[in-house]
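Coordinates from protein_26.pdb are shown below (PDB, C-alpha atoms, pLDDT in the B column).
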```
ATOM      1  CA  MET A   1      -1.181 -11.658 -10.489  1.00 55.00           C
ATOM      2  CA  ALA A   2      -2.409  -8.236  -9.425  1.00 68.00           C
ATOM      3  CA  ASN A   3       0.271  -5.769  -8.466  1.00 86.00           C
ATOM      4  CA  LEU A   4      -1.391  -2.758  -6.881  1.00 90.00           C
ATOM      5  CA  ALA A   5       1.773  -0.641  -6.912  1.00 92.00           C
ATOM      6  CA  ASP A   6       1.932  -1.019 -10.711  1.00 92.00           C
ATOM      7  CA  GLU A   7      -1.770  -0.375 -11.034  1.00 91.00           C
ATOM      8  CA  TYR A   8      -1.809   2.811  -8.958  1.00 88.00           C
ATOM      9  CA  GLY A   9       1.658   4.217  -9.600  1.00 91.00           C
ATOM     10  CA  THR A  10       2.976   4.072  -6.050  1.00 93.00           C
ATOM     11  CA  ASP A  11       6.248   2.666  -4.743  1.00 95.00           C
ATOM     12  CA  VAL A  12       4.587   0.685  -1.952  1.00 96.00           C
ATOM     13  CA  GLU A  13       0.951  -0.348  -1.431  1.00 95.00           C
ATOM     14  CA  ILE A  14       0.297  -1.704   2.080  1.00 95.00           C
ATOM     15  CA  TYR A  15      -2.975  -3.571   2.510  1.00 95.00           C
ATOM     16  CA  ILE A  16      -4.634  -6.699   3.897  1.00 93.00           C
ATOM     17  CA  LYS A  17      -5.000  -9.238   1.131  1.00 90.00           C
ATOM     18  CA  ALA A  18      -8.653 -10.071   0.447  1.00 89.00           C
ATOM     19  CA  LEU A  19     -10.047 -13.143   2.183  1.00 91.00           C
ATOM     20  CA  THR A  20      -6.941 -13.404   4.423  1.00 90.00           C
ATOM     21  CA  THR A  21      -5.407 -11.656   7.404  1.00 90.00           C
ATOM     22  CA  THR A  22      -2.045 -11.274   5.657  1.00 91.00           C
ATOM     23  CA  ILE A  23      -0.658  -7.759   5.332  1.00 95.00           C
ATOM     24  CA  HIS A  24       0.999  -7.304   1.930  1.00 95.00           C
ATOM     25  CA  ALA A  25       3.365  -4.661   0.645  1.00 96.00           C
ATOM     26  CA  ASP A  26       3.322  -4.542  -3.148  1.00 95.00           C
ATOM     27  CA  THR A  27       6.128  -2.817  -5.027  1.00 95.00           C
ATOM     28  CA  PRO A  28       6.123  -1.930  -8.717  1.00 94.00           C
ATOM     29  CA  THR A  29       7.546  -4.243 -11.349  1.00 90.00           C
ATOM     30  CA  GLY A  30      11.233  -3.513 -11.709  1.00 90.00           C
ATOM     31  CA  ALA A  31      11.439  -1.701  -8.364  1.00 93.00           C
ATOM     32  CA  PRO A  32      15.011  -0.903  -7.326  1.00 94.00           C
ATOM     33  CA  ALA A  33      16.839  -3.491  -5.255  1.00 94.00           C
ATOM     34  CA  GLY A  34      17.254  -0.809  -2.581  1.00 95.00           C
ATOM     35  CA  LEU A  35      13.498  -0.709  -2.002  1.00 96.00           C
ATOM     36  CA  HIS A  36      13.312  -4.486  -1.573  1.00 96.00           C
ATOM     37  CA  ASP A  37      16.335  -4.406   0.726  1.00 96.00           C
ATOM     38  CA  LEU A  38      14.807  -1.618   2.824  1.00 96.00           C
ATOM     39  CA  LEU A  39      11.528  -3.515   3.210  1.00 97.00           C
ATOM     40  CA  GLU A  40      13.481  -6.559   4.399  1.00 97.00           C
ATOM     41  CA  GLN A  41      15.527  -4.430   6.823  1.00 96.00           C
ATOM     42  CA  LEU A  42      12.239  -3.114   8.210  1.00 96.00           C
ATOM     43  CA  GLY A  43      11.117  -6.672   8.992  1.00 96.00           C
ATOM     44  CA  LEU A  44       8.999  -7.620   5.970  1.00 97.00           C
ATOM     45  CA  GLU A  45       9.481 -10.967   4.263  1.00 97.00           C
ATOM     46  CA  ARG A  46      10.300 -11.045   0.558  1.00 95.00           C
ATOM     47  CA  HIS A  47       8.476 -13.410  -1.807  1.00 93.00           C
ATOM     48  CA  GLU A  48       9.155 -14.059  -5.474  1.00 89.00           C
ATOM     49  CA  TYR A  49       7.151 -15.747  -8.153  1.00 86.00           C
ATOM     50  CA  PRO A  50       9.097 -16.801 -11.214  1.00 79.00           C
ATOM     51  CA  THR A  51       6.817 -15.536 -13.944  1.00 66.00           C
ATOM     52  CA  GLY A  52       9.695 -15.071 -16.340  1.00 69.00           C
ATOM     53  CA  GLU A  53      10.708 -11.530 -17.031  1.00 72.00           C
ATOM     54  CA  PRO A  54       9.938  -9.459 -15.091  1.00 70.00           C
ATOM     55  CA  LEU A  55      10.003 -11.336 -11.811  1.00 79.00           C
ATOM     56  CA  TYR A  56       6.957 -10.759  -9.556  1.00 84.00           C
ATOM     57  CA  ILE A  57       8.161  -9.693  -6.077  1.00 89.00           C
ATOM     58  CA  TRP A  58       6.063  -8.798  -3.046  1.00 93.00           C
ATOM     59  CA  HIS A  59       6.534  -8.588   0.713  1.00 96.00           C
ATOM     60  CA  THR A  60       4.397  -9.690   3.645  1.00 96.00           C
ATOM     61  CA  LEU A  61       4.498  -9.170   7.363  1.00 95.00           C
ATOM     62  CA  PRO A  62       5.740 -12.312   9.144  1.00 94.00           C
ATOM     63  CA  ASP A  63       2.957 -14.840   9.795  1.00 91.00           C
ATOM     64  CA  HIS A  64       4.332 -15.752  13.224  1.00 94.00           C
ATOM     65  CA  LEU A  65       3.463 -12.260  14.493  1.00 93.00           C
ATOM     66  CA  GLY A  66       0.009 -11.557  15.845  1.00 91.00           C
ATOM     67  CA  THR A  67      -2.315  -9.168  14.023  1.00 90.00           C
ATOM     68  CA  ASP A  68      -1.546  -6.231  16.329  1.00 93.00           C
ATOM     69  CA  GLU A  69       2.209  -6.737  16.037  1.00 95.00           C
ATOM     70  CA  GLN A  70       1.948  -6.977  12.251  1.00 95.00           C
ATOM     71  CA  LYS A  71       0.118  -3.639  12.165  1.00 94.00           C
ATOM     72  CA  ARG A  72       2.725  -2.102  14.490  1.00 95.00           C
ATOM     73  CA  LEU A  73       5.518  -3.290  12.210  1.00 96.00           C
ATOM     74  CA  ALA A  74       3.752  -1.964   9.089  1.00 96.00           C
ATOM     75  CA  ASN A  75       3.167   1.439  10.684  1.00 95.00           C
ATOM     76  CA  ARG A  76       6.785   1.630  11.898  1.00 94.00           C
ATOM     77  CA  ALA A  77       7.969   0.953   8.344  1.00 95.00           C
ATOM     78  CA  ILE A  78       6.028   3.810   6.739  1.00 95.00           C
ATOM     79  CA  PRO A  79       8.127   6.777   7.986  1.00 93.00           C
ATOM     80  CA  ALA A  80      11.354   5.030   6.977  1.00 92.00           C
ATOM     81  CA  LEU A  81       9.978   4.401   3.485  1.00 94.00           C
ATOM     82  CA  LEU A  82       8.840   8.007   3.173  1.00 92.00           C
ATOM     83  CA  LEU A  83      12.169   9.283   4.470  1.00 90.00           C
ATOM     84  CA  ALA A  84      13.918   7.219   1.786  1.00 92.00           C
ATOM     85  CA  GLY A  85      11.817   9.067  -0.804  1.00 92.00           C
ATOM     86  CA  TYR A  86       9.260   6.396  -1.683  1.00 94.00           C
ATOM     87  CA  THR A  87       5.550   7.030  -2.210  1.00 94.00           C
ATOM     88  CA  VAL A  88       3.401   4.915   0.087  1.00 95.00           C
ATOM     89  CA  ASN A  89      -0.316   4.180   0.216  1.00 94.00           C
ATOM     90  CA  CYS A  90      -1.557   2.384   3.317  1.00 94.00           C
ATOM     91  CA  ASP A  91      -5.033   0.922   3.666  1.00 94.00           C
ATOM     92  CA  PRO A  92      -6.971   2.443   6.604  1.00 93.00           C
ATOM     93  CA  GLU A  93      -7.484  -1.091   7.987  1.00 94.00           C
ATOM     94  CA  VAL A  94      -3.722  -1.247   8.559  1.00 95.00           C
ATOM     95  CA  PHE A  95      -2.848   2.392   9.239  1.00 94.00           C
ATOM     96  CA  ASP A  96      -2.806   3.589  12.846  1.00 94.00           C
ATOM     97  CA  GLU A  97      -2.108   7.296  13.310  1.00 93.00           C
ATOM     98  CA  ALA A  98      -0.739   6.890  16.850  1.00 93.00           C
ATOM     99  CA  LEU A  99       1.729   4.145  15.845  1.00 93.00           C
ATOM    100  CA  TYR A 100       2.799   6.174  12.822  1.00 92.00           C
ATOM    101  CA  GLN A 101       3.378   9.306  14.937  1.00 92.00           C
ATOM    102  CA  GLN A 102       5.401   7.276  17.484  1.00 92.00           C
ATOM    103  CA  SER A 103       7.649   6.082  14.662  1.00 90.00           C
ATOM    104  CA  VAL A 104       8.071   9.613  13.326  1.00 90.00           C
ATOM    105  CA  HIS A 105       8.927  10.790  16.865  1.00 88.00           C
ATOM    106  CA  ARG A 106      11.552   8.017  17.229  1.00 88.00           C
ATOM    107  CA  LEU A 107      13.148   8.995  13.916  1.00 84.00           C
ATOM    108  CA  ARG A 108      13.218  12.662  14.971  1.00 84.00           C
ATOM    109  CA  ALA A 109      14.792  11.748  18.316  1.00 84.00           C
ATOM    110  CA  ARG A 110      17.556   9.857  16.501  1.00 81.00           C
ATOM    111  CA  GLY A 111      18.097  12.853  14.226  1.00 73.00           C
ATOM    112  CA  SER A 112      17.086  10.835  11.176  1.00 63.00           C
ATOM    113  CA  LEU A 113      14.094  12.995  10.373  1.00 56.00           C
ATOM    114  CA  CYS A 114      14.856  16.557   9.429  1.00 49.00           C
ATOM    115  CA  PRO A 115      13.969  18.573   6.328  1.00 45.00           C
ATOM    116  CA  ALA A 116      17.442  18.135   4.833  1.00 40.00           C
ATOM    117  CA  ALA A 117      17.388  14.360   5.387  1.00 40.00           C
ATOM    118  CA  ALA A 118      13.848  13.933   4.141  1.00 41.00           C
ATOM    119  CA  GLY A 119      14.655  15.454   0.755  1.00 40.00           C
ATOM    120  CA  ALA A 120      12.389  17.526  -1.403  1.00 35.00           C
ATOM    121  CA  ARG A 121      10.610  14.611  -3.080  1.00 39.00           C
ATOM    122  CA  GLN A 122       8.736  13.226  -0.105  1.00 40.00           C
ATOM    123  CA  SER A 123       8.046  13.930   3.544  1.00 41.00           C
ATOM    124  CA  PRO A 124       6.171  11.965   6.204  1.00 42.00           C
ATOM    125  CA  LEU A 125       3.230  14.313   5.750  1.00 38.00           C
ATOM    126  CA  ALA A 126       2.826  13.059   2.167  1.00 46.00           C
ATOM    127  CA  LEU A 127       1.566   9.638   3.267  1.00 57.00           C
ATOM    128  CA  ARG A 128      -1.685   8.752   1.537  1.00 61.00           C
ATOM    129  CA  THR A 129      -4.038   6.479   3.385  1.00 62.00           C
ATOM    130  CA  GLY A 130      -6.891   4.953   1.560  1.00 59.00           C
ATOM    131  CA  PRO A 131      -8.001   1.753  -0.008  1.00 56.00           C
ATOM    132  CA  PRO A 132      -5.287   0.153  -2.085  1.00 53.00           C
ATOM    133  CA  HIS A 133      -7.645   0.170  -5.023  1.00 45.00           C
ATOM    134  CA  PRO A 134     -10.002   3.141  -4.970  1.00 42.00           C
ATOM    135  CA  VAL A 135     -13.158   1.763  -6.528  1.00 37.00           C
ATOM    136  CA  SER A 136     -16.799   2.234  -5.730  1.00 32.00           C
ATOM    137  CA  PRO A 137     -19.009  -0.818  -5.405  1.00 34.00           C
ATOM    138  CA  GLY A 138     -21.336   0.217  -8.217  1.00 35.00           C
ATOM    139  CA  ARG A 139     -24.674  -1.451  -8.918  1.00 35.00           C
ATOM    140  CA  PRO A 140     -25.393  -4.937 -10.154  1.00 37.00           C
ATOM    141  CA  GLY A 141     -24.414  -5.262 -13.783  1.00 38.00           C
ATOM    142  CA  THR A 142     -21.778  -2.520 -13.615  1.00 36.00           C
ATOM    143  CA  THR A 143     -18.010  -2.675 -13.385  1.00 38.00           C
ATOM    144  CA  PRO A 144     -16.752  -1.435  -9.986  1.00 40.00           C
ATOM    145  CA  GLY A 145     -15.255   2.029 -10.151  1.00 42.00           C
ATOM    146  CA  ARG A 146     -16.964   2.947 -13.416  1.00 43.00           C
ATOM    147  CA  PRO A 147     -20.184   4.877 -13.693  1.00 43.00           C
ATOM    148  CA  PRO A 148     -23.188   2.910 -14.873  1.00 44.00           C
ATOM    149  CA  PRO A 149     -23.883   3.167 -18.602  1.00 47.00           C
ATOM    150  CA  ARG A 150     -26.310   5.900 -19.565  1.00 44.00           C
ATOM    151  CA  ARG A 151     -29.630   4.814 -20.893  1.00 45.00           C
ATOM    152  CA  PRO A 152     -31.320   6.881 -23.563  1.00 47.00           C
ATOM    153  CA  ILE A 153     -34.307   8.824 -22.318  1.00 47.00           C
ATOM    154  CA  PRO A 154     -37.434   7.453 -23.951  1.00 48.00           C
ATOM    155  CA  ARG A 155     -39.294  10.056 -25.925  1.00 50.00           C
ATOM    156  CA  ARG A 156     -43.015  10.070 -26.333  1.00 55.00           C
ATOM    157  CA  ASN A 157     -44.684  11.000 -29.556  1.00 51.00           C
ATOM    158  CA  PRO A 158     -47.377  13.628 -29.008  1.00 49.00           C
TER     159      PRO A 158
END
```

Rewrite the structure of this file - the entire thing - as structure tokens.
Amino acid sequence: MANLADEYGTDVEIYIKALTTTIHADTPTGAPAGLHDLLEQLGLERHEYPTGEPLYIWHTLPDHLGTDEQKRLANRAIPALLLAGYTVNCDPEVFDEALYQQSVHRLRARGSLCPAAAGARQSPLALRTGPPHPVSPGRPGTTPGRPPPRRPIPRRNP
């Protein structure tokens, strides 16, 4: 199974799983229990796949919510994750700047978001939005994300 958080070195990768409408939140293998607990407190559902050691764990937004509500919930979770010191990458298809800013404003109003509380490791401004797996489509016959192989330049004999 692909774990994008392991692959890209983040604590949480938020994205829409290919060929579905399900919003996933991948965490790295061996992520601390506190991260999984926080994701659950924020409204995400925990899933486990017993692959032996280590156990594969991921989270999804509840299926009973509509698409817009799922995106709202994902964007509300981001500032709390950042405030807890986790690195987050959110796919642009999920990320909504206005929803994110509303969540940051709510945290500030509650006094939860201040430089001392945010810690030196991470701040809400450190959110990275981009595809969960930064690859370029490439050309036929090439591996995505890798440059095409160089062909030798033919030389003519004079």

Shell of 9 Å around Thr29 of chain A, all atoms listed in the file, local chain residues under 4 positions omitted, as number ranges by chain: A: 3, 5-6, 54-57

Residues within 12 Å of segment 15-21 of chain A, please, as an MDAnalysis selection string. Count only C-alpha atoms; anything in the same chain fewer than 4 positions from it doesn't count. chainID A and resid 2:5 25:27 58:63 65:68 70:71 74:75 88:95 129:133

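For the choices A:His105, A:Tyr86, A:Ala33, A:Ile23, the atom-to-atom distance to Glu69 of chain A is smallest for A:Ile23 when using only C-alpha atoms.
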
Work out where the centre of an axis-aligned box around every listed atom of segment 86-100 of chain A lies and how long its edges are once 8 Å is added on each side; give both in Å to one decimal as lines of an AutoDock Vina configuration file.
```
center_x = 0.9
center_y = 3.0
center_z = 7.3
size_x = 32.7
size_y = 24.5
size_z = 35.1
```

What is the distance, in Å and to one decimal place, between atom CA of Leu35 of chain A and atom CA of Pro50 of chain A? 19.1 Å

So how far away is atom CA of Asp11 of chain A from atom CA of Leu38 of chain A, in Å?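 Answer for the atom CA of Leu38 of chain A to atom CA of Asp11 of chain A separation: 12.2 Å.
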
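Take atom CA of Arg46 of chain A and atom CA of Gly34 of chain A: the distance between them is 12.8 Å.
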
Excluding same-chain residues fewer than 3 positions from Tyr100 of chain A, what lies within 10 Å of it counting all atoms listed in the file, as a list of chain:residue names? A:Arg72, A:Leu73, A:Ala74, A:Asn75, A:Arg76, A:Ala77, A:Ile78, A:Pro79, A:Phe95, A:Asp96, A:Glu97, A:Ser103, A:Val104, A:His105, A:Arg106, A:Pro124

Nearest candidate to Glu53 of chain A (options A:Glu40, A:Gly30, A:Ala80, A:Glu7; using all atoms listed in the file): A:Gly30
